[in-house]
$ cat target-v1.tsv   # TSV, C-alpha atoms and all ligand atoms
chain	number	residue	atom	x	y	z
A	136	MET	CA	-73.69	-222.67	246.13
A	137	ASP	CA	-72.18	-220.74	249.01
A	138	SER	CA	-70.52	-223.88	250.21
A	139	PHE	CA	-69.09	-224.44	246.76
A	140	LEU	CA	-67.65	-220.94	246.59
A	141	SER	CA	-66.14	-221.09	250.05
A	142	LEU	CA	-64.69	-224.46	249.22
A	143	ALA	CA	-63.22	-223.07	246.02
A	144	SER	CA	-61.54	-220.23	247.87
A	145	GLU	CA	-60.22	-222.57	250.54
A	146	THR	CA	-58.72	-224.67	247.81
A	147	ALA	CA	-57.17	-221.57	246.33
A	148	THR	CA	-55.15	-221.10	249.50
A	149	THR	CA	-53.52	-224.45	248.91
A	150	ARG	CA	-52.47	-223.36	245.46
A	151	LYS	CA	-48.96	-224.41	244.59
A	152	ALA	CA	-46.58	-222.02	242.96
A	153	GLY	CA	-47.30	-223.65	239.62
A	154	LEU	CA	-50.37	-223.57	237.46
A	155	GLY	CA	-53.25	-224.53	239.61
A	156	PRO	CA	-54.75	-224.64	243.07
A	157	HIS	CA	-53.93	-228.27	243.55
A	158	VAL	CA	-54.39	-229.65	246.98
A	159	ALA	CA	-50.99	-230.29	248.51
A	160	PHE	CA	-51.08	-233.96	249.47
A	161	PRO	CA	-48.31	-235.34	251.63
A	162	SER	CA	-46.31	-237.44	249.16
A	163	ALA	CA	-46.52	-240.51	251.42
A	164	THR	CA	-50.31	-240.40	251.13
A	165	ARG	CA	-50.27	-240.00	247.37
A	166	GLU	CA	-47.83	-242.79	246.74
A	167	SER	CA	-49.38	-245.27	249.12
A	168	GLU	CA	-51.25	-247.89	247.12
A	169	SER	CA	-53.65	-248.59	249.93
A	170	SER	CA	-55.00	-245.04	250.21
A	171	PRO	CA	-57.88	-244.22	247.86
A	172	GLN	CA	-57.26	-241.75	245.02
A	173	ILE	CA	-59.17	-238.51	245.30
A	174	SER	CA	-61.71	-238.14	242.53
A	175	LEU	CA	-61.57	-234.60	241.18
A	176	LEU	CA	-64.10	-234.87	238.35
A	177	SER	CA	-66.71	-237.59	237.96
A	178	ALA	CA	-69.68	-238.45	235.80
A	179	SER	CA	-72.47	-240.76	236.88
A	180	ALA	CA	-75.20	-242.14	234.65
A	181	LEU	CA	-74.86	-239.23	232.21
A	182	LYS	CA	-77.38	-239.18	229.41
A	183	LYS	CA	-77.59	-236.75	226.54
A	184	SER	CA	-79.65	-236.68	223.34
A	185	TYR	CA	-79.94	-234.09	220.62
A	186	ARG	CA	-83.17	-233.26	218.88
A	187	LYS	CA	-83.06	-232.93	215.10
A	188	GLY	CA	-86.50	-231.86	213.95
A	189	LYS	CA	-88.84	-234.67	214.96
A	190	HIS	CA	-85.98	-237.08	215.62
A	191	VAL	CA	-84.19	-237.58	218.89
A	192	VAL	CA	-80.56	-238.61	218.47
A	193	PRO	CA	-79.35	-240.39	221.59
A	194	VAL	CA	-75.60	-239.79	222.12
A	195	LEU	CA	-74.69	-240.62	225.72
A	196	LEU	CA	-76.73	-243.46	227.23
A	197	GLY	CA	-75.35	-243.62	230.76
A	198	VAL	CA	-71.71	-242.62	231.09
A	199	ASP	CA	-69.83	-243.27	234.32
A	200	PHE	CA	-66.21	-242.50	235.15
A	201	GLU	CA	-63.96	-240.76	237.61
A	202	ILE	CA	-60.89	-238.64	237.04
A	203	ASN	CA	-58.39	-238.24	239.81
A	204	GLU	CA	-56.38	-235.19	240.74
A	205	SER	CA	-53.21	-234.96	238.58
A	206	GLU	CA	-54.32	-237.66	236.14
A	207	PHE	CA	-53.93	-237.33	232.37
A	208	VAL	CA	-56.91	-239.16	230.86
A	209	ALA	CA	-57.73	-239.65	227.19
A	210	ILE	CA	-61.35	-240.14	226.12
A	211	VAL	CA	-61.39	-242.05	222.85
A	212	GLY	CA	-64.09	-243.31	220.52
A	213	GLN	CA	-65.13	-243.25	216.89
A	214	SER	CA	-66.15	-240.04	215.21
A	215	GLY	CA	-69.68	-239.24	216.35
A	216	SER	CA	-69.42	-241.37	219.50
A	217	GLY	CA	-70.08	-238.36	221.73
A	218	LYS	CA	-66.57	-237.40	222.86
A	219	SER	CA	-67.04	-233.66	222.33
A	220	THR	CA	-70.52	-233.85	223.81
A	221	LEU	CA	-69.09	-235.44	226.94
A	222	LEU	CA	-66.27	-232.91	227.22
A	223	HIS	CA	-68.77	-230.05	226.89
A	224	LEU	CA	-70.84	-231.55	229.70
A	225	LEU	CA	-67.76	-231.93	231.92
A	226	GLY	CA	-66.84	-228.30	231.25
A	227	THR	CA	-70.41	-227.11	231.98
A	228	LEU	CA	-70.78	-225.74	228.45
A	229	ASP	CA	-73.91	-227.86	228.16
A	230	ALA	CA	-76.14	-229.73	230.62
A	231	PRO	CA	-76.92	-233.46	230.62
A	232	ASP	CA	-80.51	-234.70	230.26
A	233	GLU	CA	-79.96	-237.07	233.18
A	234	GLY	CA	-77.15	-238.03	235.50
A	235	GLU	CA	-74.72	-236.00	237.58
A	236	ILE	CA	-71.29	-234.42	237.30
A	237	HIS	CA	-69.26	-233.76	240.41
A	238	PHE	CA	-66.17	-231.57	240.65
A	239	ASP	CA	-64.09	-231.36	243.78
A	240	GLY	CA	-66.89	-232.89	245.84
A	241	ASN	CA	-69.67	-230.65	244.53
A	242	ARG	CA	-72.40	-231.32	242.01
A	243	ILE	CA	-71.85	-228.95	239.07
A	244	ASP	CA	-74.29	-229.99	236.33
A	245	ASN	CA	-77.29	-228.22	237.87
A	246	VAL	CA	-75.88	-224.96	239.25
A	247	PRO	CA	-77.35	-221.61	238.11
A	248	ALA	CA	-75.84	-220.02	235.00
A	249	ALA	CA	-73.83	-217.25	236.70
A	250	ALA	CA	-72.22	-219.63	239.20
A	251	ARG	CA	-71.55	-222.09	236.42
A	252	ASP	CA	-69.78	-219.44	234.31
A	253	SER	CA	-67.68	-218.41	237.27
A	254	LEU	CA	-66.82	-222.05	238.06
A	255	ARG	CA	-65.87	-222.67	234.43
A	256	ASN	CA	-63.72	-219.55	234.18
A	257	ARG	CA	-61.89	-220.32	237.41
A	258	SER	CA	-61.56	-224.07	237.39
A	259	PHE	CA	-61.55	-225.30	233.80
A	260	GLY	CA	-59.16	-224.40	231.02
A	261	MET	CA	-60.22	-225.49	227.54
A	262	ILE	CA	-58.43	-226.03	224.25
A	263	PHE	CA	-59.95	-227.07	220.95
A	264	GLN	CA	-58.97	-228.54	217.59
A	265	PHE	CA	-59.30	-225.17	215.87
A	266	TYR	CA	-57.73	-223.03	218.63
A	267	HIS	CA	-60.52	-220.39	218.74
A	268	LEU	CA	-58.14	-217.45	219.11
A	269	LEU	CA	-59.55	-213.98	218.46
A	270	PRO	CA	-58.14	-212.92	215.06
A	271	GLU	CA	-57.92	-209.18	215.78
A	272	LEU	CA	-55.79	-209.63	218.90
A	273	SER	CA	-52.08	-210.34	219.28
A	274	THR	CA	-50.88	-213.52	220.97
A	275	LEU	CA	-50.29	-211.63	224.21
A	276	GLU	CA	-53.74	-209.97	224.08
A	277	ASN	CA	-55.43	-213.30	223.39
A	278	ILE	CA	-53.81	-214.75	226.47
A	279	LEU	CA	-54.75	-211.78	228.64
A	280	MET	CA	-58.36	-211.68	227.41
A	281	PRO	CA	-59.82	-214.13	230.01
A	282	THR	CA	-58.23	-212.08	232.79
A	283	MET	CA	-59.61	-208.83	231.37
A	284	ILE	CA	-63.10	-210.35	231.23
A	285	ALA	CA	-62.84	-211.83	234.72
A	286	GLU	CA	-61.50	-208.68	236.41
A	287	GLY	CA	-63.21	-205.90	234.49
A	288	ALA	CA	-61.35	-202.90	233.08
A	289	PHE	CA	-60.47	-201.10	236.31
A	290	ARG	CA	-59.09	-204.02	238.29
A	291	TYR	CA	-57.34	-205.35	235.24
A	292	PHE	CA	-55.65	-202.00	234.64
A	293	THR	CA	-54.54	-201.79	238.28
A	294	ASN	CA	-52.96	-205.23	238.10
A	295	ARG	CA	-51.80	-205.07	234.50
A	296	ARG	CA	-48.08	-205.49	235.17
A	297	ARG	CA	-48.61	-208.65	237.19
A	298	HIS	CA	-50.97	-210.04	234.54
A	299	ARG	CA	-48.56	-209.28	231.77
A	300	LYS	CA	-45.75	-211.00	233.65
A	301	ARG	CA	-47.88	-214.10	234.09
A	302	ALA	CA	-48.85	-214.12	230.39
A	303	GLU	CA	-45.18	-213.80	229.42
A	304	HIS	CA	-44.30	-216.63	231.80
A	305	LEU	CA	-46.95	-218.86	230.23
A	306	LEU	CA	-45.79	-217.99	226.73
A	307	GLU	CA	-42.28	-218.98	227.74
A	308	LEU	CA	-43.63	-222.24	229.16
A	309	VAL	CA	-45.27	-223.14	225.82
A	310	GLY	CA	-42.27	-221.92	223.80
A	311	LEU	CA	-43.91	-218.89	222.21
A	312	SER	CA	-42.02	-215.95	223.74
A	313	HIS	CA	-40.88	-214.83	220.30
A	314	ARG	CA	-44.46	-214.37	219.02
A	315	LEU	CA	-46.00	-211.95	221.55
A	316	ARG	CA	-47.08	-209.36	219.01
A	317	HIS	CA	-48.10	-211.69	216.21
A	318	LYS	CA	-51.74	-212.05	215.21
A	319	PRO	CA	-53.15	-215.59	214.89
A	320	SER	CA	-53.06	-215.32	211.08
A	321	GLU	CA	-49.28	-214.88	211.36
A	322	LEU	CA	-48.85	-218.05	213.42
A	323	SER	CA	-48.55	-221.70	212.37
A	324	GLY	CA	-51.11	-224.24	213.59
A	325	GLY	CA	-48.73	-225.47	216.27
A	326	GLU	CA	-48.05	-221.92	217.43
A	327	MET	CA	-51.78	-221.18	217.59
A	328	GLN	CA	-52.32	-224.25	219.76
A	329	ARG	CA	-49.44	-223.18	222.02
A	330	ALA	CA	-51.10	-219.77	222.39
A	331	ALA	CA	-54.45	-221.47	223.12
A	332	ILE	CA	-52.79	-223.60	225.83
A	333	ALA	CA	-51.27	-220.49	227.43
A	334	ARG	CA	-54.67	-218.78	227.33
A	335	ALA	CA	-56.34	-221.83	228.90
A	336	LEU	CA	-53.85	-221.74	231.78
A	337	VAL	CA	-53.98	-218.04	232.56
A	338	ALA	CA	-56.66	-218.37	235.26
A	339	ARG	CA	-54.78	-221.25	236.94
A	340	PRO	CA	-57.41	-223.90	236.20
A	341	ARG	CA	-57.50	-227.18	238.08
A	342	VAL	CA	-58.45	-229.16	234.98
A	343	LEU	CA	-57.49	-228.74	231.35
A	344	LEU	CA	-60.17	-230.04	228.97
A	345	ALA	CA	-58.74	-230.62	225.51
A	346	ASP	CA	-60.89	-231.52	222.48
A	347	GLU	CA	-58.74	-233.09	219.73
A	348	PRO	CA	-55.84	-230.72	220.50
A	349	THR	CA	-53.65	-232.27	217.81
A	350	GLY	CA	-56.49	-232.96	215.34
A	351	ASN	CA	-55.54	-230.20	212.93
A	352	LEU	CA	-51.75	-230.60	213.17
A	353	ASP	CA	-49.19	-232.70	211.32
A	354	SER	CA	-47.80	-235.56	213.38
A	355	LYS	CA	-44.52	-233.88	214.35
A	356	THR	CA	-46.28	-230.70	215.52
A	357	GLY	CA	-48.89	-232.84	217.26
A	358	GLU	CA	-46.10	-234.57	219.17
A	359	GLU	CA	-44.73	-231.20	220.26
A	360	ILE	CA	-48.14	-230.20	221.60
A	361	MET	CA	-48.47	-233.56	223.37
A	362	GLY	CA	-45.01	-232.95	224.85
A	363	ILE	CA	-46.23	-229.65	226.32
A	364	LEU	CA	-49.35	-231.31	227.77
A	365	ARG	CA	-47.32	-234.16	229.26
A	366	THR	CA	-44.88	-231.68	230.81
A	367	LEU	CA	-47.71	-229.63	232.31
A	368	ASN	CA	-49.17	-232.80	233.77
A	369	ALA	CA	-45.87	-234.11	235.12
A	370	ASP	CA	-44.30	-230.88	236.36
A	371	GLN	CA	-47.34	-228.90	237.47
A	372	ASN	CA	-49.66	-231.80	238.36
A	373	LEU	CA	-52.23	-230.33	236.00
A	374	THR	CA	-55.19	-232.68	235.61
A	375	ILE	CA	-55.89	-233.17	231.90
A	376	VAL	CA	-58.92	-234.70	230.18
A	377	MET	CA	-58.21	-235.00	226.47
A	378	VAL	CA	-60.57	-236.18	223.75
A	379	THR	CA	-58.98	-237.77	220.70
A	380	HIS	CA	-59.83	-240.25	217.96
A	381	ASP	CA	-56.10	-240.93	217.44
A	382	SER	CA	-54.86	-244.00	219.32
A	383	LYS	CA	-51.20	-242.90	219.11
A	384	VAL	CA	-52.09	-239.62	220.78
A	385	ALA	CA	-54.25	-241.37	223.39
A	386	ALA	CA	-51.40	-243.77	224.22
A	387	GLN	CA	-49.45	-240.82	225.62
A	388	SER	CA	-51.97	-240.31	228.42
A	389	ASP	CA	-52.00	-242.17	231.76
A	390	ARG	CA	-55.33	-243.86	231.15
A	391	ILE	CA	-57.79	-244.35	228.31
A	392	VAL	CA	-61.57	-244.13	228.65
A	393	ARG	CA	-63.31	-245.53	225.58
A	394	LEU	CA	-66.80	-244.46	224.54
A	395	VAL	CA	-68.71	-247.20	222.72
A	396	GLU	CA	-72.38	-246.93	221.84
A	397	GLY	CA	-73.02	-244.20	224.36
A	398	ARG	CA	-71.28	-245.81	227.31
A	399	VAL	CA	-67.79	-246.25	228.71
A	400	GLU	CA	-66.45	-249.61	227.62
A	401	ALA	CA	-65.51	-251.81	230.56
A	402	ALA	CA	-61.74	-251.75	231.14
A	501	LIG	P1	-67.41	-236.87	218.57
A	501	LIG	O1	-66.79	-235.69	219.24
A	501	LIG	O2	-67.12	-238.17	219.26
A	501	LIG	O3	-67.09	-236.96	217.11
A	501	LIG	P2	-69.90	-235.45	219.05
A	501	LIG	O4	-70.05	-235.39	220.52
A	501	LIG	O5	-69.45	-234.23	218.36
A	501	LIG	O6	-69.00	-236.72	218.66
A	501	LIG	O7	-71.30	-235.84	218.40
A	501	LIG	C1	-72.02	-237.02	218.79
A	501	LIG	C2	-73.31	-237.11	217.96
A	501	LIG	O8	-74.17	-236.05	218.34
A	501	LIG	C3	-73.11	-236.97	216.47
A	501	LIG	O9	-74.02	-237.83	215.85
A	501	LIG	C4	-73.45	-235.54	216.18
A	501	LIG	O10	-73.95	-235.39	214.89
A	501	LIG	C5	-74.52	-235.24	217.22
A	501	LIG	N1	-74.48	-233.83	217.66
A	501	LIG	C6	-73.46	-233.21	218.26
A	501	LIG	N2	-73.78	-231.94	218.57
A	501	LIG	C7	-75.03	-231.76	218.13
A	501	LIG	C8	-75.96	-230.66	218.15
A	501	LIG	N3	-75.63	-229.50	218.70
A	501	LIG	N4	-77.19	-230.85	217.62
A	501	LIG	C9	-77.55	-232.03	217.09
A	501	LIG	N5	-76.74	-233.10	217.04
A	501	LIG	C10	-75.52	-232.98	217.55
A	502	MG	MG	-65.56	-234.20	218.54
$ encode --input "target-v1.tsv" --output "structure tokens"
Amino acid sequence: MDSFLSLASETATTRKAGLGPHVAFPSATRESESSPQISLLSASALKKSYRKGKHVVPVLLGVDFEINESEFVAIVGQSGSGKSTLLHLLGTLDAPDEGEIHFDGNRIDNVPAAARDSLRNRSFGMIFQFYHLLPELSTLENILMPTMIAEGAFRYFTNRRRHRKRAEHLLELVGLSHRLRHKPSELSGGEMQRAAIARALVARPRVLLADEPTGNLDSKTGEEIMGILRTLNADQNLTIVMVTHDSKVAAQSDRIVRLVEGRVEAA
């Protein structure tokens, strides 16, 4: 684990001015077709079943794929095909029964709980179909909450001006500067998802994991949210793994990974 943490902090020094600690590749290396892409997040032979009473429900039967730095990948599949299950495994919210997940060269599916929480908070941003904002807090407070939790009250208070500036910058980026003091109940669905995106980015994650981010929105609002995700990917090189059952939404990603009967369908 020590090696993972030191590696994470080394990576942090290469952080670009934008949203995440992306490794600064020389552009010639990145654009050269002959050089191999760097795999940032990968799954190998992942298996996961759920137990319902006496019955075991197999969901993932051996899932393999790789996601490269700066890619925008859509995971698609029918309802119940295991998309959310897979995203939860990638984000270390749950552990696979078998198989391995690697992030930035390190195995992450079997690390102890505290290290896993720290990895998740630092490296993965997450957004969901139903936003999961805290109803009692304003937009600004919702966005600052992960920082408050990560830093603790004293450090947070010491750095509060800098944090607030960053939250305001993120709200501007997602087009929500005019809703700082609003509670979630006073926001539209699209505005709540914008706030959730800003919250997911506050810790400068390297990967954004998105579970049906447009699933509860009308198509026009969904397109606006997809526009924000595409811009984050293109301008900030943010790596995005998005789960969706909507083929029109998936078509806006760089690459589609399809789950069929517990496995990734051959391309
Ligand atoms: P998707 O996101 O593709 O719709 P899910 O990953 O949510 O699919 O679910 C895959 C299958 O696993 C479904 O049959 C679902 O009922 C089952 N499942 C998901 N989560 C649980 C759970 N916590 N306990 C039992 N079964 C679950
Ligand atoms: Mg799902």
$ residues_near_ligand --input "target-v1.tsv" --ligand "ligand MG 502 (chain A)" --cutoff "10 Å" --atoms "all atoms listed in the file" --output "NGL selection string"
:A and (211-223 or 263-264 or 346-347 or 350 or 378-380)
$ write_last_selection --input "target-v1.tsv" --atoms "C-alpha atoms" --output "tab-separated table (two decimals), in the frame of the given file"
chain	number	residue	atom	x	y	z
A	211	VAL	CA	-61.39	-242.05	222.85
A	212	GLY	CA	-64.09	-243.31	220.52
A	213	GLN	CA	-65.13	-243.25	216.89
A	214	SER	CA	-66.15	-240.04	215.21
A	215	GLY	CA	-69.68	-239.24	216.35
A	216	SER	CA	-69.42	-241.37	219.50
A	217	GLY	CA	-70.08	-238.36	221.73
A	218	LYS	CA	-66.57	-237.40	222.86
A	219	SER	CA	-67.04	-233.66	222.33
A	220	THR	CA	-70.52	-233.85	223.81
A	221	LEU	CA	-69.09	-235.44	226.94
A	222	LEU	CA	-66.27	-232.91	227.22
A	223	HIS	CA	-68.77	-230.05	226.89
A	263	PHE	CA	-59.95	-227.07	220.95
A	264	GLN	CA	-58.97	-228.54	217.59
A	346	ASP	CA	-60.89	-231.52	222.48
A	347	GLU	CA	-58.74	-233.09	219.73
A	350	GLY	CA	-56.49	-232.96	215.34
A	378	VAL	CA	-60.57	-236.18	223.75
A	379	THR	CA	-58.98	-237.77	220.70
A	380	HIS	CA	-59.83	-240.25	217.96
$ atom_distance --input "target-v1.tsv" --atom1 "atom P1 of ligand LIG 501 (chain A)" --atom2 "atom CA of Glu396 of chain A"
11.7 Å
$ closest_residue --input "target-v1.tsv" --among "A:Asn241, A:Gln387, A:Ser273, A:Thr282" --to "Arg297 of chain A" --atoms "all atoms listed in the file"
A:Thr282
$ residues_around --input "target-v1.tsv" --residues "segment 326-331 of chain A" --least-positions-apart "4" --cutoff "8 Å" --atoms "only C-alpha atoms" --output "NGL selection string"
:A and (262 or 266-268 or 274 or 277-278 or 306 or 309-311 or 319 or 322 or 335 or 348 or 360)
$ closest_residue --input "target-v1.tsv" --among "A:Leu195, A:Arg316, A:Val337, A:Leu176" --to "ligand LIG 501 (chain A)" --atoms "all atoms listed in the file"
A:Leu195
$ atom_distance --input "target-v1.tsv" --atom1 "atom CA of Pro247 of chain A" --atom2 "atom CA of Met283 of chain A"
22.9 Å
$ axis_aligned_box --input "target-v1.tsv" --around "ligand LIG 501 (chain A)" --padding-each-side "6 Å" --output "JSON"
{"center_x": -72.2, "center_y": -233.8, "center_z": 217.7, "size_x": 22.8, "size_y": 20.7, "size_z": 17.6}
$ atom_distance --input "target-v1.tsv" --atom1 "atom C3 of ligand LIG 501 (chain A)" --atom2 "atom CA of Gly397 of chain A"
10.7 Å
$ residues_around --input "target-v1.tsv" --residues "segment 249-261 of chain A" --least-positions-apart "5" --cutoff "7 Å" --atoms "all atoms listed in the file" --output "JSON list (two decimals) with C-alpha atoms, in the coordinates of the input"
[["chain", "number", "residue", "atom", "x", "y", "z"],
["A", 226, "GLY", "CA", -66.84, -228.30, 231.25],
["A", 227, "THR", "CA", -70.41, -227.11, 231.98],
["A", 335, "ALA", "CA", -56.34, -221.83, 228.90],
["A", 336, "LEU", "CA", -53.85, -221.74, 231.78],
["A", 338, "ALA", "CA", -56.66, -218.37, 235.26],
["A", 340, "PRO", "CA", -57.41, -223.90, 236.20],
["A", 341, "ARG", "CA", -57.50, -227.18, 238.08],
["A", 342, "VAL", "CA", -58.45, -229.16, 234.98],
["A", 343, "LEU", "CA", -57.49, -228.74, 231.35],
["A", 344, "LEU", "CA", -60.17, -230.04, 228.97],
["A", 345, "ALA", "CA", -58.74, -230.62, 225.51]]
